[in-house]
file my_file-v7.cif (mmCIF, C-alpha atoms and all ligand atoms)
data_data
#
loop_
_atom_site.label_atom_id
_atom_site.label_comp_id
_atom_site.auth_asym_id
_atom_site.auth_seq_id
_atom_site.Cartn_x
_atom_site.Cartn_y
_atom_site.Cartn_z
CA MET A 15 -17.96 -5.17 29.65
CA ARG A 16 -15.48 -2.41 28.82
CA LYS A 17 -16.39 -0.03 25.97
CA LEU A 18 -14.33 1.99 23.50
CA ARG A 19 -15.39 5.42 22.28
CA LEU A 20 -15.22 5.75 18.49
CA ASN A 21 -14.19 9.00 16.74
CA ASN A 22 -17.85 9.93 16.16
CA GLY A 23 -18.79 9.44 19.83
CA THR A 24 -20.36 5.98 19.40
CA GLU A 25 -19.62 3.59 22.25
CA MET A 26 -18.52 0.12 21.13
CA PRO A 27 -17.92 -2.93 23.35
CA GLN A 28 -14.21 -3.73 23.34
CA MET A 29 -14.85 -7.48 23.10
CA GLY A 30 -17.17 -9.24 20.74
CA PHE A 31 -17.71 -12.56 19.03
CA GLY A 32 -16.77 -13.40 15.41
CA VAL A 33 -18.65 -15.89 13.24
CA PHE A 34 -16.35 -16.35 10.21
CA GLN A 35 -16.40 -19.95 8.91
CA ILE A 36 -19.41 -20.98 11.01
CA THR A 37 -21.34 -22.05 7.94
CA ASP A 38 -23.75 -24.43 9.70
CA GLN A 39 -26.72 -22.17 10.52
CA LYS A 40 -27.78 -24.07 13.63
CA GLN A 41 -24.25 -24.10 14.98
CA CYS A 42 -23.90 -20.38 14.29
CA GLU A 43 -27.16 -19.59 16.05
CA GLU A 44 -26.18 -21.70 19.07
CA SER A 45 -22.67 -20.24 19.27
CA VAL A 46 -23.96 -16.66 19.13
CA LEU A 47 -26.59 -17.47 21.77
CA THR A 48 -23.86 -18.93 24.01
CA ALA A 49 -21.71 -15.84 23.52
CA LEU A 50 -24.63 -13.54 24.37
CA LYS A 51 -25.44 -15.60 27.48
CA THR A 52 -21.79 -15.30 28.49
CA GLY A 53 -22.15 -11.53 28.50
CA CYS A 54 -20.88 -10.73 25.01
CA ARG A 55 -22.67 -7.72 23.47
CA MET A 56 -20.99 -7.38 20.06
CA ILE A 57 -21.32 -9.80 17.13
CA ASP A 58 -19.15 -9.53 14.02
CA THR A 59 -20.59 -11.06 10.85
CA ALA A 60 -20.36 -10.26 7.12
CA ALA A 61 -22.51 -10.66 4.02
CA CYS A 62 -20.02 -13.21 2.64
CA TYR A 63 -20.06 -15.39 5.80
CA GLY A 64 -23.55 -16.59 4.82
CA ASN A 65 -24.74 -16.53 8.42
CA GLU A 66 -26.31 -13.10 8.96
CA LYS A 67 -29.76 -14.73 9.34
CA ALA A 68 -28.49 -17.10 12.04
CA VAL A 69 -26.96 -14.14 13.90
CA GLY A 70 -30.27 -12.26 13.68
CA ASN A 71 -32.17 -15.32 14.94
CA ALA A 72 -29.82 -15.68 17.91
CA VAL A 73 -30.16 -12.02 18.91
CA LEU A 74 -33.97 -12.31 18.78
CA LYS A 75 -33.97 -15.59 20.73
CA SER A 76 -31.64 -14.17 23.39
CA GLY A 77 -34.36 -11.75 24.48
CA ILE A 78 -31.72 -9.03 24.85
CA ALA A 79 -32.95 -5.63 23.66
CA ARG A 80 -31.66 -4.76 20.19
CA GLU A 81 -30.06 -1.54 21.44
CA ASP A 82 -27.97 -3.55 23.90
CA VAL A 83 -26.29 -5.63 21.17
CA PHE A 84 -23.69 -4.02 18.90
CA LEU A 85 -24.10 -5.56 15.42
CA VAL A 86 -21.28 -5.41 12.88
CA SER A 87 -21.48 -6.52 9.24
CA LYS A 88 -19.52 -5.98 6.04
CA VAL A 89 -20.06 -5.40 2.34
CA TRP A 90 -18.19 -7.82 0.04
CA ILE A 91 -16.22 -7.07 -3.15
CA GLN A 92 -19.03 -8.28 -5.45
CA ASP A 93 -21.17 -5.45 -4.04
CA ALA A 94 -18.55 -2.70 -4.23
CA GLY A 95 -19.91 0.56 -5.67
CA TYR A 96 -22.71 2.91 -4.63
CA ASP A 97 -25.86 1.10 -5.86
CA ARG A 98 -24.73 -2.42 -5.02
CA THR A 99 -23.66 -1.40 -1.53
CA ILE A 100 -27.09 0.11 -0.83
CA ARG A 101 -28.75 -3.11 -2.04
CA SER A 102 -26.41 -5.34 -0.03
CA PHE A 103 -26.93 -3.21 3.09
CA GLU A 104 -30.74 -3.58 2.80
CA LYS A 105 -30.30 -7.35 2.49
CA THR A 106 -28.02 -7.37 5.53
CA LEU A 107 -30.68 -5.59 7.60
CA GLU A 108 -33.33 -8.02 6.37
CA ASN A 109 -31.13 -11.01 7.24
CA LEU A 110 -30.27 -9.63 10.67
CA GLN A 111 -33.93 -8.75 11.23
CA THR A 112 -33.16 -5.24 12.33
CA ASP A 113 -33.64 -1.70 11.03
CA TYR A 114 -30.15 -0.36 11.72
CA LEU A 115 -26.54 -1.49 12.02
CA ASP A 116 -24.10 -0.39 14.71
CA LEU A 117 -21.03 -0.70 12.50
CA TYR A 118 -20.82 -1.34 8.75
CA LEU A 119 -17.47 -2.10 7.17
CA ILE A 120 -15.98 -2.34 3.68
CA HIS A 121 -14.67 -5.90 3.78
CA MET A 122 -11.77 -5.59 1.32
CA PRO A 123 -9.92 -2.65 -0.29
CA TYR A 124 -10.79 -3.97 -3.77
CA GLY A 125 -13.25 -2.87 -6.44
CA ASP A 126 -15.12 0.45 -6.33
CA TYR A 127 -14.83 0.95 -2.58
CA HIS A 128 -15.01 4.74 -3.00
CA GLY A 129 -18.54 4.24 -4.36
CA SER A 130 -19.29 1.97 -1.39
CA TRP A 131 -18.04 4.65 0.99
CA ARG A 132 -20.33 7.29 -0.55
CA ALA A 133 -23.28 4.94 -0.01
CA MET A 134 -22.19 4.26 3.56
CA GLU A 135 -21.79 7.98 4.29
CA GLU A 136 -25.37 8.51 3.13
CA LEU A 137 -26.72 5.60 5.22
CA TYR A 138 -24.76 6.91 8.20
CA ARG A 139 -26.16 10.43 7.81
CA ASP A 140 -29.66 8.95 7.53
CA GLY A 141 -29.12 7.29 10.92
CA ARG A 142 -29.31 3.76 9.54
CA ILE A 143 -25.74 2.97 10.63
CA LYS A 144 -24.19 4.25 13.87
CA ALA A 145 -20.61 4.11 12.62
CA ILE A 146 -18.82 3.18 9.39
CA GLY A 147 -15.39 1.75 8.79
CA VAL A 148 -13.17 -0.52 6.75
CA CYS A 149 -11.24 -3.77 6.96
CA ASN A 150 -7.82 -4.68 5.68
CA PHE A 151 -6.93 -1.15 4.56
CA GLU A 152 -3.20 -0.46 4.61
CA ALA A 153 -2.04 3.06 5.45
CA ASP A 154 -1.90 4.46 1.89
CA ARG A 155 -5.41 3.33 0.92
CA LEU A 156 -6.79 4.38 4.28
CA VAL A 157 -5.42 7.91 3.98
CA ASP A 158 -6.54 8.12 0.33
CA LEU A 159 -10.09 7.19 1.46
CA ILE A 160 -9.95 9.77 4.25
CA LEU A 161 -8.76 12.54 1.91
CA SER A 162 -11.40 11.71 -0.71
CA HIS A 163 -14.50 11.84 1.51
CA GLU A 164 -16.11 13.62 4.43
CA VAL A 165 -16.86 10.96 7.03
CA MET A 166 -13.77 9.57 8.75
CA PRO A 167 -13.68 5.75 9.13
CA ALA A 168 -14.27 4.90 12.78
CA VAL A 169 -12.67 1.44 12.70
CA ASN A 170 -10.17 -0.54 10.61
CA GLN A 171 -10.61 -4.26 11.22
CA ILE A 172 -7.25 -5.90 10.49
CA GLU A 173 -5.34 -9.11 11.03
CA MET A 174 -3.71 -8.71 14.42
CA HIS A 175 -2.26 -11.21 16.90
CA PRO A 176 1.07 -11.61 18.74
CA PHE A 177 2.85 -12.66 15.50
CA CYS A 178 1.40 -9.74 13.50
CA GLN A 179 1.14 -6.50 15.47
CA GLN A 180 0.64 -3.95 12.68
CA ARG A 181 2.58 -1.24 14.51
CA LYS A 182 3.22 1.05 11.50
CA LEU A 183 -0.39 0.94 10.39
CA ARG A 184 -1.67 1.46 13.95
CA LYS A 185 0.47 4.59 14.25
CA VAL A 186 -1.21 6.09 11.17
CA MET A 187 -4.61 5.05 12.49
CA GLU A 188 -3.88 6.74 15.81
CA MET A 189 -3.19 10.01 13.95
CA TYR A 190 -6.77 9.92 12.67
CA ASP A 191 -8.29 8.45 15.86
CA ILE A 192 -9.36 5.29 14.01
CA ARG A 193 -9.86 2.27 16.25
CA THR A 194 -8.17 -1.06 15.55
CA MET A 195 -10.36 -4.13 15.67
CA ALA A 196 -8.25 -7.31 15.64
CA TRP A 197 -9.44 -10.16 13.47
CA ALA A 198 -7.87 -13.61 14.02
CA PRO A 199 -6.62 -12.67 17.51
CA PHE A 200 -5.48 -16.33 17.81
CA ALA A 201 -3.92 -16.30 14.32
CA GLU A 202 -6.65 -18.89 13.60
CA GLY A 203 -4.54 -21.32 15.66
CA ARG A 204 -1.55 -21.12 13.28
CA ASN A 205 2.14 -21.25 14.15
CA GLY A 206 1.50 -23.24 17.34
CA ILE A 207 0.05 -20.14 19.02
CA PHE A 208 -1.83 -22.08 21.70
CA GLN A 209 1.38 -24.00 22.60
CA ASN A 210 3.67 -20.97 22.49
CA ASP A 211 6.13 -20.97 25.45
CA THR A 212 6.04 -17.21 26.07
CA LEU A 213 2.25 -17.08 26.21
CA ALA A 214 2.06 -20.23 28.37
CA ALA A 215 4.65 -18.85 30.81
CA VAL A 216 2.79 -15.54 31.18
CA GLY A 217 -0.51 -17.41 31.60
CA SER A 218 0.87 -19.69 34.31
CA VAL A 219 1.42 -16.68 36.59
CA TYR A 220 -2.32 -15.93 36.58
CA TYR A 221 -3.71 -19.49 36.04
CA LYS A 222 -4.87 -18.35 32.61
CA THR A 223 -4.67 -20.05 29.21
CA SER A 224 -2.63 -18.74 26.27
CA ALA A 225 -5.91 -17.73 24.59
CA GLN A 226 -6.82 -15.59 27.59
CA VAL A 227 -3.34 -14.03 27.71
CA ILE A 228 -3.62 -13.02 24.03
CA LEU A 229 -7.03 -11.43 24.55
CA ARG A 230 -5.87 -9.64 27.70
CA TRP A 231 -2.80 -8.33 25.86
CA LEU A 232 -4.94 -6.97 23.01
CA ILE A 233 -7.37 -5.37 25.46
CA GLN A 234 -4.54 -3.64 27.33
CA GLU A 235 -3.21 -2.43 23.95
CA GLY A 236 -6.56 -0.65 23.56
CA ILE A 237 -7.71 -2.85 20.70
CA ALA A 238 -11.16 -4.32 20.04
CA VAL A 239 -11.24 -8.13 19.74
CA ILE A 240 -13.69 -10.57 18.18
CA PRO A 241 -12.51 -14.15 18.86
CA LYS A 242 -14.45 -17.00 17.26
CA SER A 243 -15.26 -20.42 18.73
CA VAL A 244 -18.02 -22.97 18.33
CA HIS A 245 -17.31 -24.56 21.73
CA GLN A 246 -19.18 -23.38 24.81
CA GLU A 247 -16.24 -23.91 27.19
CA ARG A 248 -13.89 -21.93 24.93
CA ILE A 249 -16.43 -19.12 24.47
CA GLU A 250 -16.72 -18.86 28.26
CA GLU A 251 -12.94 -19.04 28.65
CA ASN A 252 -12.45 -16.27 26.08
CA PHE A 253 -14.76 -13.91 27.94
CA MET A 254 -13.08 -14.49 31.33
CA VAL A 255 -10.29 -11.98 30.83
CA ASP A 256 -11.32 -9.09 33.05
CA ASP A 257 -10.00 -10.55 36.31
CA PHE A 258 -6.26 -10.19 35.72
CA HIS A 259 -3.82 -7.54 34.50
CA LEU A 260 -0.58 -8.06 32.58
CA ALA A 261 2.47 -6.25 33.93
CA ASP A 262 4.46 -3.94 31.62
CA ALA A 263 7.27 -6.51 31.30
CA GLU A 264 4.75 -9.18 30.24
CA MET A 265 3.18 -6.83 27.69
CA GLU A 266 6.70 -6.20 26.36
CA LYS A 267 7.50 -9.94 26.10
CA ILE A 268 4.43 -10.44 23.93
CA ARG A 269 5.34 -7.36 21.85
CA ASP A 270 8.64 -9.10 21.14
CA MET A 271 6.78 -11.96 19.40
CA ASP A 272 5.99 -9.68 16.45
CA THR A 273 7.19 -10.94 13.03
CA ARG A 274 6.22 -7.58 11.45
CA ASP A 275 4.32 -9.43 8.75
CA THR A 276 0.85 -10.83 8.21
CA MET A 277 0.37 -14.59 8.48
CA ILE A 278 -3.09 -15.09 7.03
CA LEU A 279 -3.91 -12.36 4.53
CA ALA A 280 -1.36 -10.75 2.17
CA ILE A 281 -3.73 -8.08 0.91
CA ARG A 282 -1.25 -6.81 -1.73
CA SER A 283 -0.50 -10.19 -3.30
CA LEU A 284 -1.84 -10.85 -6.80
CA ASP A 285 -2.93 -14.34 -5.76
CA GLU A 286 -5.20 -12.82 -3.10
CA VAL A 287 -6.65 -10.29 -5.55
CA TYR A 288 -7.65 -13.14 -7.89
CA ARG A 289 -8.81 -15.44 -5.07
CA LEU A 290 -10.93 -12.87 -3.27
CA HIS A 291 -12.53 -11.47 -6.45
CA GLU A 292 -13.66 -15.01 -7.27
CA ILE A 293 -15.66 -15.37 -4.03
CA ARG A 294 -19.29 -14.77 -4.99
CA PHE A 295 -22.48 -15.71 -3.20
CA GLU A 296 -26.23 -15.20 -3.02
CA GLN A 297 -26.85 -12.98 -0.01
P1 LIG B 301 -9.47 -16.65 15.54
O1 LIG B 301 -10.54 -16.07 16.36
O2 LIG B 301 -8.08 -16.16 15.64
O3 LIG B 301 -9.35 -18.21 15.78
C1 LIG B 301 -10.45 -19.06 15.76
C2 LIG B 301 -9.88 -20.49 16.01
O4 LIG B 301 -9.39 -20.59 17.36
C3 LIG B 301 -10.92 -21.53 15.81
O5 LIG B 301 -10.27 -22.65 15.23
C4 LIG B 301 -11.35 -21.87 17.26
O6 LIG B 301 -11.73 -23.23 17.33
C5 LIG B 301 -10.06 -21.66 18.02
N1 LIG B 301 -10.29 -21.22 19.40
C6 LIG B 301 -11.11 -20.23 19.85
N2 LIG B 301 -11.00 -20.06 21.16
C7 LIG B 301 -10.10 -20.97 21.60
C8 LIG B 301 -9.57 -21.29 22.88
N3 LIG B 301 -9.94 -20.62 23.97
N4 LIG B 301 -8.65 -22.30 22.96
C9 LIG B 301 -8.27 -22.97 21.85
N5 LIG B 301 -8.74 -22.72 20.61
C10 LIG B 301 -9.65 -21.72 20.49
O7 LIG B 301 -9.85 -16.58 13.96
P2 LIG B 301 -11.02 -15.94 13.10
O8 LIG B 301 -12.31 -16.63 13.32
O9 LIG B 301 -10.52 -15.90 11.69
O10 LIG B 301 -11.07 -14.42 13.59
C11 LIG B 301 -12.04 -13.94 14.50
C12 LIG B 301 -13.13 -13.15 13.79
O11 LIG B 301 -12.59 -12.07 13.05
C13 LIG B 301 -13.88 -13.95 12.71
O12 LIG B 301 -14.77 -14.90 13.24
C14 LIG B 301 -14.52 -12.83 11.93
O13 LIG B 301 -15.66 -12.35 12.60
C15 LIG B 301 -13.40 -11.80 11.92
N6 LIG B 301 -12.56 -11.88 10.69
C16 LIG B 301 -12.56 -10.81 9.84
C17 LIG B 301 -11.79 -10.84 8.69
C18 LIG B 301 -11.80 -9.65 7.77
O14 LIG B 301 -11.23 -9.73 6.67
N7 LIG B 301 -12.41 -8.56 8.14
C19 LIG B 301 -11.00 -11.95 8.39
C20 LIG B 301 -11.02 -13.03 9.28
C21 LIG B 301 -11.78 -12.98 10.43
P3 LIG B 301 -13.24 -23.70 17.67
O15 LIG B 301 -14.19 -22.79 16.91
O16 LIG B 301 -13.27 -25.11 17.18
O17 LIG B 301 -13.39 -23.57 19.14
#

call {"tool": "encode", "arguments": {"input": "my_file-v7.cif", "output": "structure tokens"}}
result
Amino acid sequence: MRKLRLNNGTEMPQMGFGVFQITDQKQCEESVLTALKTGCRMIDTAACYGNEKAVGNAVLKSGIAREDVFLVSKVWIQDAGYDRTIRSFEKTLENLQTDYLDLYLIHMPYGDYHGSWRAMEELYRDGRIKAIGVCNFEADRLVDLILSHEVMPAVNQIEMHPFCQQRKLRKVMEMYDIRTMAWAPFAEGRNGIFQNDTLAAVGSVYYKTSAQVILRWLIQEGIAVIPKSVHQERIEENFMVDDFHLADAEMEKIRDMDTRDTMILAIRSLDEVYRLHEIRFEQ
């Protein structure tokens, strides 16, 4: 599987598997095991997904050496700030049954995330995290974070799919050599994405599904992807994207699908600030 080099030299698989909304522990464990058997070597979880333990169980059961699986988790708003982030990180390691993380991310640009970043810098310097980054940071907050601290974020995990291509933000990220990791590559199935005519027409040339075309397009854009599915046949389908190549004109057609707006998360809206601050859980 193809790897991307992060700005601190860490090598990260370009494709991984996301486990958001897989709340049933058994189903999560089975889905992650299926992904690992399919060849996937990166799992994206988060403290607030409530399934870090299931991910850890699956990695152990897979028999794959820990150093061959790239584990990503995130600190939630309720644990923003230096002390809480350290505590949440320790709990994440315990849940994942490991003694280090490959990538640790600030989940939302809310609360005392500068305090969180200081904690993450320390954990990174101590070798307990291989790379640190953020999610859902727009350009102004990202640059403010960069200018306020020493360690550069390696990754910004953001909503990205054909309807939301984040071009302005990606340009700023390129300036600082920060990698884009696309969450909701399928727009969580919204807006008829799997039935979209453009994607279906491109796919028909290669006998590939719309899902595979989207993933291939993101890969050729140089972006890391973490599609989620609880179905074995879809997981296998999603990882069969290395045997075809989109032509420039096809890449361009998909670029034309951009609405220049997000479809799932309006990070600046007051409603989201209230909604996301209300999400609390026992880790
Ligand atoms: P997604 O991957 O865009 O879409 C998942 C949906 O697509 C599920 O309903 C899945 O259904 C369906 N699906 C998957 N493969 C398919 C295929 N080949 N054909 C047809 N349908 C298919 O959405 P997501 O889970 O929100 O995003 C991916 C990952 O990004 C998450 O799991 C999480 O790790 C991460 N994420 C991060 C943030 C953040 O704020 N940092 C936010 C959201 C997500 P089935 O499961 O029923 O197959």

call {"tool": "residues_around", "arguments": {"input": "my_file-v7.cif", "residues": "segment 258-268 of chain A", "least_positions_apart": "5", "cutoff": "12 Å", "atoms": "all atoms listed in the file", "output": "PDB file with C-alpha atoms, in the frame of the given file"}}
result
ATOM      1  CA  HIS A 175      -2.260 -11.210  16.900  1.00  0.00           C
ATOM      2  CA  PRO A 176       1.070 -11.610  18.740  1.00  0.00           C
ATOM      3  CA  PHE A 177       2.850 -12.660  15.500  1.00  0.00           C
ATOM      4  CA  CYS A 178       1.400  -9.740  13.500  1.00  0.00           C
ATOM      5  CA  GLN A 179       1.140  -6.500  15.470  1.00  0.00           C
ATOM      6  CA  ILE A 207       0.050 -20.140  19.020  1.00  0.00           C
ATOM      7  CA  ASN A 210       3.670 -20.970  22.490  1.00  0.00           C
ATOM      8  CA  ASP A 211       6.130 -20.970  25.450  1.00  0.00           C
ATOM      9  CA  THR A 212       6.040 -17.210  26.070  1.00  0.00           C
ATOM     10  CA  LEU A 213       2.250 -17.080  26.210  1.00  0.00           C
ATOM     11  CA  ALA A 214       2.060 -20.230  28.370  1.00  0.00           C
ATOM     12  CA  ALA A 215       4.650 -18.850  30.810  1.00  0.00           C
ATOM     13  CA  VAL A 216       2.790 -15.540  31.180  1.00  0.00           C
ATOM     14  CA  GLY A 217      -0.510 -17.410  31.600  1.00  0.00           C
ATOM     15  CA  SER A 218       0.870 -19.690  34.310  1.00  0.00           C
ATOM     16  CA  VAL A 219       1.420 -16.680  36.590  1.00  0.00           C
ATOM     17  CA  TYR A 220      -2.320 -15.930  36.580  1.00  0.00           C
ATOM     18  CA  TYR A 221      -3.710 -19.490  36.040  1.00  0.00           C
ATOM     19  CA  LYS A 222      -4.870 -18.350  32.610  1.00  0.00           C
ATOM     20  CA  THR A 223      -4.670 -20.050  29.210  1.00  0.00           C
ATOM     21  CA  SER A 224      -2.630 -18.740  26.270  1.00  0.00           C
ATOM     22  CA  GLN A 226      -6.820 -15.590  27.590  1.00  0.00           C
ATOM     23  CA  VAL A 227      -3.340 -14.030  27.710  1.00  0.00           C
ATOM     24  CA  ILE A 228      -3.620 -13.020  24.030  1.00  0.00           C
ATOM     25  CA  LEU A 229      -7.030 -11.430  24.550  1.00  0.00           C
ATOM     26  CA  ARG A 230      -5.870  -9.640  27.700  1.00  0.00           C
ATOM     27  CA  TRP A 231      -2.800  -8.330  25.860  1.00  0.00           C
ATOM     28  CA  LEU A 232      -4.940  -6.970  23.010  1.00  0.00           C
ATOM     29  CA  ILE A 233      -7.370  -5.370  25.460  1.00  0.00           C
ATOM     30  CA  GLN A 234      -4.540  -3.640  27.330  1.00  0.00           C
ATOM     31  CA  GLU A 235      -3.210  -2.430  23.950  1.00  0.00           C
ATOM     32  CA  THR A 273       7.190 -10.940  13.030  1.00  0.00           C
TER      33      THR A 273
END

call {"tool": "residues_around", "arguments": {"input": "my_file-v7.cif", "residues": "Leu20 of chain A", "least_positions_apart": "2", "cutoff": "9 Å", "atoms": "all atoms listed in the file", "output": "list in words"}}
result
Leu18, Asn22, Gly23, Thr24, Glu25, Met26, Ala145, Ala168, Val169, Asp191, Ile192 and Arg193 of chain A

call {"tool": "residues_near_ligand", "arguments": {"input": "my_file-v7.cif", "ligand": "ligand LIG 301 (chain B)", "cutoff": "9 Å", "atoms": "only C-alpha atoms and all ligand atoms", "output": "PyMOL selection string"}}
result
chain A and resi 30-36+57-60+63+86-88+119-122+148-150+170-175+195-204+208+223-226+239-252+278-279

call {"tool": "residues_around", "arguments": {"input": "my_file-v7.cif", "residues": "segment 98-103 of chain A", "least_positions_apart": "3", "cutoff": "8 Å", "atoms": "only C-alpha atoms", "output": "list in words"}}
result
Ala61, Val89, Asp93, Ala94, Gly95, Thr106, Leu107, Ser130, Ala133, Met134 and Gln297 of chain A

call {"tool": "residues_around", "arguments": {"input": "my_file-v7.cif", "residues": "Leu290 of chain A", "least_positions_apart": "6", "cutoff": "12 Å", "atoms": "all atoms listed in the file", "output": "PDB file with C-alpha atoms, in the frame of the given file"}}
result
ATOM      1  CA  CYS A  62     -20.020 -13.210   2.640  1.00  0.00           C
ATOM      2  CA  TRP A  90     -18.190  -7.820   0.040  1.00  0.00           C
ATOM      3  CA  ILE A  91     -16.220  -7.070  -3.150  1.00  0.00           C
ATOM      4  CA  GLN A  92     -19.030  -8.280  -5.450  1.00  0.00           C
ATOM      5  CA  HIS A 121     -14.670  -5.900   3.780  1.00  0.00           C
ATOM      6  CA  MET A 122     -11.770  -5.590   1.320  1.00  0.00           C
ATOM      7  CA  PRO A 123      -9.920  -2.650  -0.290  1.00  0.00           C
ATOM      8  CA  TYR A 124     -10.790  -3.970  -3.770  1.00  0.00           C
ATOM      9  CA  GLY A 125     -13.250  -2.870  -6.440  1.00  0.00           C
ATOM     10  CA  LEU A 279      -3.910 -12.360   4.530  1.00  0.00           C
ATOM     11  CA  ALA A 280      -1.360 -10.750   2.170  1.00  0.00           C
ATOM     12  CA  ILE A 281      -3.730  -8.080   0.910  1.00  0.00           C
ATOM     13  CA  ARG A 282      -1.250  -6.810  -1.730  1.00  0.00           C
ATOM     14  CA  SER A 283      -0.500 -10.190  -3.300  1.00  0.00           C
ATOM     15  CA  LEU A 284      -1.840 -10.850  -6.800  1.00  0.00           C
TER      16      LEU A 284
END

call {"tool": "atom_distance", "arguments": {"input": "my_file-v7.cif", "atom1": "atom CA of Asp116 of chain A", "atom2": "atom CA of Ile143 of chain A"}}
result
5.5 Å

call {"tool": "atom_distance", "arguments": {"input": "my_file-v7.cif", "atom1": "atom CA of Met187 of chain A", "atom2": "atom CA of Pro167 of chain A"}}
result
9.7 Å

call {"tool": "atom_distance", "arguments": {"input": "my_file-v7.cif", "atom1": "atom CA of Glu43 of chain A", "atom2": "atom CA of Glu81 of chain A"}}
result
19.1 Å

call {"tool": "axis_aligned_box", "arguments": {"input": "my_file-v7.cif", "around": "segment 266-278 of chain A", "padding_each_side": "5 Å", "output": "JSON"}}
result
{"center_x": 2.8, "center_y": -10.6, "center_z": 16.7, "size_x": 21.7, "size_y": 18.9, "size_z": 29.3}

call {"tool": "closest_residue", "arguments": {"input": "my_file-v7.cif", "among": "A:Asp275, A:Asp126, A:Asp38, A:Asp154", "to": "Tyr96 of chain A", "atoms": "all atoms listed in the file"}}
result
A:Asp126

call {"tool": "closest_residue", "arguments": {"input": "my_file-v7.cif", "among": "A:Asp272, A:Gly147, A:Leu183, A:Leu161", "to": "Asn21 of chain A", "atoms": "only C-alpha atoms"}}
result
A:Gly147

call {"tool": "closest_residue", "arguments": {"input": "my_file-v7.cif", "among": "A:Met15, A:Leu115, A:Arg184, A:Val165", "to": "Asp257 of chain A", "atoms": "only C-alpha atoms"}}
result
A:Met15

call {"tool": "closest_residue", "arguments": {"input": "my_file-v7.cif", "among": "A:Met277, A:Ile237, A:Leu117, A:Ile293", "to": "Gln28 of chain A", "atoms": "all atoms listed in the file"}}
result
A:Ile237

call {"tool": "decode", "arguments": {"input": "my_file-v7.cif", "residues": "segment 36-40 of chain A", "atoms": "all heavy atoms", "output": "PDB file, in the first residue's frame"}}
result
ATOM      1  N   ILE A  36     -19.479   3.445  14.310  1.00  0.00           N
ATOM      2  CA  ILE A  36     -19.611   1.991  14.523  1.00  0.00           C
ATOM      3  C   ILE A  36     -19.614   1.810  16.040  1.00  0.00           C
ATOM      4  O   ILE A  36     -18.574   1.591  16.676  1.00  0.00           O
ATOM      5  CB  ILE A  36     -18.477   1.169  13.856  1.00  0.00           C
ATOM      6  CG1 ILE A  36     -18.182   1.668  12.429  1.00  0.00           C
ATOM      7  CG2 ILE A  36     -18.858  -0.307  13.835  1.00  0.00           C
ATOM      8  CD1 ILE A  36     -17.140   0.860  11.668  1.00  0.00           C
ATOM      9  N   THR A  37     -20.813   1.939  16.612  1.00  0.00           N
ATOM     10  CA  THR A  37     -20.906   1.959  18.081  1.00  0.00           C
ATOM     11  C   THR A  37     -21.014   0.547  18.663  1.00  0.00           C
ATOM     12  O   THR A  37     -20.696   0.343  19.827  1.00  0.00           O
ATOM     13  CB  THR A  37     -22.113   2.805  18.535  1.00  0.00           C
ATOM     14  OG1 THR A  37     -23.235   2.410  17.747  1.00  0.00           O
ATOM     15  CG2 THR A  37     -21.854   4.282  18.317  1.00  0.00           C
ATOM     16  N   ASP A  38     -21.472  -0.408  17.863  1.00  0.00           N
ATOM     17  CA  ASP A  38     -21.531  -1.790  18.327  1.00  0.00           C
ATOM     18  C   ASP A  38     -20.089  -2.337  18.358  1.00  0.00           C
ATOM     19  O   ASP A  38     -19.422  -2.398  17.318  1.00  0.00           O
ATOM     20  CB  ASP A  38     -22.420  -2.602  17.358  1.00  0.00           C
ATOM     21  CG  ASP A  38     -22.543  -4.050  17.787  1.00  0.00           C
ATOM     22  OD1 ASP A  38     -21.515  -4.779  17.732  1.00  0.00           O
ATOM     23  OD2 ASP A  38     -23.642  -4.451  18.168  1.00  0.00           O
ATOM     24  N   GLN A  39     -19.651  -2.738  19.568  1.00  0.00           N
ATOM     25  CA  GLN A  39     -18.231  -3.100  19.742  1.00  0.00           C
ATOM     26  C   GLN A  39     -17.839  -4.312  18.901  1.00  0.00           C
ATOM     27  O   GLN A  39     -16.765  -4.358  18.317  1.00  0.00           O
ATOM     28  CB  GLN A  39     -17.929  -3.374  21.223  1.00  0.00           C
ATOM     29  CG  GLN A  39     -18.221  -2.196  22.140  1.00  0.00           C
ATOM     30  CD  GLN A  39     -17.414  -0.953  21.790  1.00  0.00           C
ATOM     31  OE1 GLN A  39     -16.196  -0.988  21.721  1.00  0.00           O
ATOM     32  NE2 GLN A  39     -18.089   0.169  21.569  1.00  0.00           N
ATOM     33  N   LYS A  40     -18.754  -5.302  18.859  1.00  0.00           N
ATOM     34  CA  LYS A  40     -18.447  -6.517  18.099  1.00  0.00           C
ATOM     35  C   LYS A  40     -18.343  -6.193  16.602  1.00  0.00           C
ATOM     36  O   LYS A  40     -17.430  -6.650  15.918  1.00  0.00           O
ATOM     37  CB  LYS A  40     -19.564  -7.550  18.351  1.00  0.00           C
ATOM     38  CG  LYS A  40     -19.199  -8.950  17.946  1.00  0.00           C
ATOM     39  CD  LYS A  40     -20.116  -9.974  18.606  1.00  0.00           C
ATOM     40  CE  LYS A  40     -19.937 -11.324  17.950  1.00  0.00           C
ATOM     41  NZ  LYS A  40     -20.713 -11.472  16.706  1.00  0.00           N
TER      42      LYS A  40
END
